[in-house]
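Engineer: Next comes upload_18.txt, compact mmCIF, N, CA and C atoms:
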```txt
# COMPACT_ATOMS: atom_id res chain seq x y z
N LYS A 1 49.10 176.98 106.29
CA LYS A 1 47.80 176.47 105.92
C LYS A 1 47.47 175.17 106.64
N THR A 2 48.47 174.51 107.16
CA THR A 2 48.28 173.22 107.83
C THR A 2 47.54 173.42 109.14
N LYS A 3 46.55 172.58 109.40
CA LYS A 3 45.83 172.59 110.67
C LYS A 3 46.58 171.72 111.67
N ILE A 4 46.53 172.12 112.93
CA ILE A 4 47.17 171.39 114.01
C ILE A 4 46.07 170.88 114.94
N ILE A 5 46.00 169.57 115.11
CA ILE A 5 45.05 168.97 116.05
C ILE A 5 45.80 168.75 117.35
N LEU A 6 45.35 169.42 118.40
CA LEU A 6 46.05 169.39 119.68
C LEU A 6 45.20 168.68 120.72
N GLY A 7 45.74 167.62 121.32
CA GLY A 7 45.06 166.91 122.40
C GLY A 7 45.09 167.75 123.66
N LEU A 8 43.93 168.17 124.14
CA LEU A 8 43.85 169.09 125.28
C LEU A 8 43.28 168.46 126.54
N ILE A 9 42.74 167.25 126.43
CA ILE A 9 42.27 166.56 127.63
C ILE A 9 42.93 165.19 127.69
N LYS A 10 43.27 164.78 128.89
CA LYS A 10 43.98 163.52 129.10
C LYS A 10 42.99 162.36 129.19
N ILE A 11 43.12 161.44 128.30
CA ILE A 11 42.23 160.29 128.29
C ILE A 11 42.74 159.21 129.24
N ALA A 12 44.01 159.18 129.52
CA ALA A 12 44.59 158.17 130.41
C ALA A 12 44.35 158.50 131.88
N SER A 13 43.62 159.58 132.14
CA SER A 13 43.38 160.00 133.51
C SER A 13 41.89 160.03 133.80
N SER A 14 41.50 159.58 134.98
CA SER A 14 40.09 159.63 135.36
C SER A 14 39.73 160.96 136.01
N VAL A 15 40.68 161.90 136.04
CA VAL A 15 40.43 163.23 136.59
C VAL A 15 39.81 164.08 135.49
N GLU A 16 38.69 164.72 135.81
CA GLU A 16 38.02 165.60 134.85
C GLU A 16 38.68 166.97 134.87
N GLU A 17 39.25 167.38 133.74
CA GLU A 17 39.86 168.70 133.65
C GLU A 17 38.78 169.77 133.72
N THR A 18 39.10 170.88 134.37
CA THR A 18 38.14 171.98 134.42
C THR A 18 38.20 172.77 133.12
N ILE A 19 37.17 173.54 132.89
CA ILE A 19 37.13 174.40 131.72
C ILE A 19 38.31 175.37 131.75
N ASN A 20 38.61 175.89 132.93
CA ASN A 20 39.72 176.83 133.08
C ASN A 20 41.06 176.18 132.72
N GLU A 21 41.28 174.94 133.15
CA GLU A 21 42.52 174.24 132.81
C GLU A 21 42.68 174.08 131.31
N ILE A 22 41.58 173.73 130.65
CA ILE A 22 41.63 173.54 129.20
C ILE A 22 41.85 174.88 128.50
N GLN A 23 41.19 175.93 128.99
CA GLN A 23 41.39 177.27 128.42
C GLN A 23 42.85 177.69 128.52
N MET A 24 43.49 177.39 129.65
CA MET A 24 44.90 177.74 129.81
C MET A 24 45.76 176.99 128.80
N ARG A 25 45.44 175.73 128.52
CA ARG A 25 46.20 174.95 127.54
C ARG A 25 46.02 175.55 126.14
N VAL A 26 44.79 175.97 125.83
CA VAL A 26 44.54 176.60 124.52
C VAL A 26 45.33 177.90 124.42
N ASP A 27 45.28 178.71 125.47
CA ASP A 27 46.02 179.98 125.47
C ASP A 27 47.51 179.76 125.26
N GLN A 28 48.07 178.74 125.91
CA GLN A 28 49.49 178.43 125.73
C GLN A 28 49.78 178.04 124.29
N ALA A 29 48.89 177.25 123.70
CA ALA A 29 49.09 176.83 122.31
C ALA A 29 49.02 178.03 121.37
N LEU A 30 48.13 178.97 121.68
CA LEU A 30 47.96 180.14 120.80
C LEU A 30 49.16 181.09 120.85
N ASN A 31 50.07 180.87 121.80
CA ASN A 31 51.32 181.63 121.79
C ASN A 31 52.24 181.16 120.67
N HIS A 32 51.92 179.99 120.09
CA HIS A 32 52.81 179.38 119.11
C HIS A 32 52.14 179.10 117.76
N ILE A 33 50.84 179.24 117.68
CA ILE A 33 50.12 178.89 116.45
C ILE A 33 48.96 179.85 116.24
N ASP A 34 48.68 180.13 114.99
CA ASP A 34 47.56 180.98 114.62
C ASP A 34 46.24 180.29 115.00
N PRO A 35 45.29 181.03 115.57
CA PRO A 35 44.04 180.41 116.02
C PRO A 35 43.26 179.70 114.90
N ASN A 36 43.40 180.16 113.67
CA ASN A 36 42.70 179.56 112.55
C ASN A 36 43.27 178.20 112.16
N ARG A 37 44.43 177.87 112.70
CA ARG A 37 45.07 176.58 112.38
C ARG A 37 44.88 175.55 113.49
N LEU A 38 44.39 175.98 114.64
CA LEU A 38 44.30 175.10 115.81
C LEU A 38 42.94 174.39 115.87
N ILE A 39 42.99 173.07 116.04
CA ILE A 39 41.79 172.26 116.24
C ILE A 39 41.91 171.62 117.62
N ALA A 40 40.98 171.98 118.52
CA ALA A 40 40.98 171.43 119.87
C ALA A 40 40.42 170.01 119.83
N ALA A 41 41.10 169.09 120.49
CA ALA A 41 40.69 167.68 120.46
C ALA A 41 41.10 167.01 121.76
N PRO A 42 40.53 165.84 122.05
CA PRO A 42 41.02 165.03 123.17
C PRO A 42 42.24 164.24 122.72
N ASP A 43 43.00 163.74 123.69
CA ASP A 43 44.02 162.74 123.36
C ASP A 43 43.29 161.51 122.83
N CYS A 44 43.99 160.61 122.21
CA CYS A 44 43.38 159.39 121.67
C CYS A 44 42.89 158.48 122.79
N GLY A 45 41.84 157.75 122.53
CA GLY A 45 41.43 156.70 123.44
C GLY A 45 40.20 156.97 124.28
N LEU A 46 39.28 157.81 123.82
CA LEU A 46 38.07 158.08 124.61
C LEU A 46 37.30 156.81 124.94
N GLY A 47 37.38 155.81 124.10
CA GLY A 47 36.65 154.58 124.31
C GLY A 47 37.08 153.82 125.56
N LEU A 48 38.21 154.19 126.13
CA LEU A 48 38.71 153.51 127.32
C LEU A 48 38.09 154.05 128.60
N LEU A 49 37.41 155.19 128.52
CA LEU A 49 36.80 155.81 129.70
C LEU A 49 35.33 155.41 129.78
N ASN A 50 34.77 155.50 130.99
CA ASN A 50 33.33 155.24 131.08
C ASN A 50 32.58 156.39 130.40
N ARG A 51 31.39 156.11 129.95
CA ARG A 51 30.62 157.04 129.13
C ARG A 51 30.42 158.40 129.80
N ASP A 52 30.05 158.42 131.08
CA ASP A 52 29.78 159.68 131.77
C ASP A 52 31.02 160.55 131.86
N LEU A 53 32.15 159.95 132.19
CA LEU A 53 33.39 160.72 132.30
C LEU A 53 33.83 161.24 130.94
N ALA A 54 33.73 160.41 129.92
CA ALA A 54 34.10 160.84 128.57
C ALA A 54 33.23 162.01 128.12
N LYS A 55 31.93 161.95 128.37
CA LYS A 55 31.03 163.04 127.99
C LYS A 55 31.35 164.31 128.77
N ALA A 56 31.65 164.18 130.05
CA ALA A 56 31.97 165.35 130.87
C ALA A 56 33.25 166.02 130.36
N LYS A 57 34.26 165.21 130.05
CA LYS A 57 35.52 165.75 129.54
C LYS A 57 35.30 166.46 128.20
N LEU A 58 34.52 165.85 127.31
CA LEU A 58 34.25 166.46 126.01
C LEU A 58 33.43 167.73 126.14
N ASN A 59 32.46 167.74 127.04
CA ASN A 59 31.67 168.96 127.27
C ASN A 59 32.56 170.10 127.74
N ASN A 60 33.48 169.81 128.66
CA ASN A 60 34.39 170.85 129.14
C ASN A 60 35.32 171.33 128.02
N LEU A 61 35.78 170.40 127.19
CA LEU A 61 36.63 170.76 126.06
C LEU A 61 35.88 171.69 125.11
N CYS A 62 34.66 171.35 124.78
CA CYS A 62 33.86 172.18 123.85
C CYS A 62 33.60 173.57 124.44
N GLU A 63 33.21 173.60 125.70
CA GLU A 63 32.93 174.89 126.33
C GLU A 63 34.18 175.76 126.39
N ALA A 64 35.31 175.17 126.73
CA ALA A 64 36.57 175.93 126.79
C ALA A 64 36.95 176.45 125.41
N ALA A 65 36.84 175.61 124.39
CA ALA A 65 37.23 176.01 123.04
C ALA A 65 36.33 177.12 122.53
N HIS A 66 35.05 177.04 122.80
CA HIS A 66 34.11 178.06 122.33
C HIS A 66 34.27 179.39 123.07
N SER A 67 34.86 179.35 124.24
CA SER A 67 35.01 180.59 125.03
C SER A 67 36.23 181.41 124.65
N ILE A 68 37.13 180.84 123.85
CA ILE A 68 38.36 181.54 123.46
C ILE A 68 38.02 182.59 122.43
N GLN A 69 38.52 183.79 122.64
CA GLN A 69 38.25 184.90 121.71
C GLN A 69 39.26 184.93 120.61
```
Let me see whether you can do it: turn the structure in this file into structure tokens.
Structural biologist:
Amino acid sequence: KTKIILGLIKIASSVEETINEIQMRVDQALNHIDPNRLIAAPDCGLGLLNRDLAKAKLNNLCEAAHSIQ
């Protein structure tokens, strides 16, 4: 019943992860946890990135998470 919050995007990096990269991370996690227990999230520290990069990373995270069947 416990939910697992998994950091799927690196906040300590200025590299924007692609949607495909994030989808692969979700798929790997789903090999070990039920999809109903998984909560996709960024690593801690979004406030340390500039606004545009943080929004781009979050948009990719949302799109990747919503695309998982």
Engineer: Going by DSSP on the backbone, which residues of chain A come out as strand (DSSP E or B)? List them as a list in words.
Structural biologist: Ile4, Ile5, Leu6, Gly7, Leu8, Ile9, Leu38, Ile39, Ala40, Ala41 and Pro42 of chain A
Engineer: Find the residues around stretch 55-67 of chain A up to 6 Å (only C-alpha atoms counted), leave out those fewer than 6 positions away in its own chain, and share them as a ChimeraX atom specification.
Structural biologist: /A:16,19,23
Engineer: Interatomic distance between atom CA of A:Asp43 and atom CA of A:Lys1?
Structural biologist: 22.5 Å
Engineer: Go through A:Cys44, A:Ile68, A:Val26, A:Ile33 one by one, measure the shortest atom-to-atom distance of each to A:Ala12 using only N, CA and C atoms, and give the residue with the smallest value.
Structural biologist: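 Between A:Cys44, A:Ile68, A:Val26, A:Ile33, the residue approaching A:Ala12 most closely is A:Cys44.
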Engineer: Check chain A with DSSP on the backbone and list each residue it calls alpha helix (DSSP H), as a ChimeraX atom specification.
Structural biologist: /A:19-30,51-67
Engineer: Is it possible to get the residues within 10 Å of (42.8, 162.4, 129.0) (coordinates as in the file, counting only C-alpha atoms) written as JSON, numbers by chain?
Structural biologist: {"A": [7, 8, 9, 10, 11, 12, 13, 14, 15, 16, 17, 42, 43, 44, 45, 46, 48, 49, 54, 57, 58]}
Engineer: So which one's closest to A:Lys3, A:Leu38, A:His32, A:Gly47, A:Asp52? Using all atoms listed in the file, please.
Structural biologist: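 Checking each of A:Leu38, A:His32, A:Gly47, A:Asp52 against A:Lys3, counting all atoms listed in the file, the winner is A:Leu38.
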Engineer: Find, counting only C-alpha atoms, the residue in A:Met24, A:Leu53, A:Leu6, A:Ala29 that gets nearest to A:Ala41.
Structural biologist: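 Smallest distance to A:Ala41 is found for A:Leu6.
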Engineer: Find the distance between atom CA of A:Ile22 and atom CA of A:Ile39 and write it in Å to one decimal.
Structural biologist: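 Distance between the two atoms: 13.0 Å.
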Engineer: Quick one, how far is atom N of A:Ala40 from atom N of A:Thr18?
Structural biologist: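 We find that atom N of A:Ala40 and atom N of A:Thr18 lie 16.0 Å from each other.
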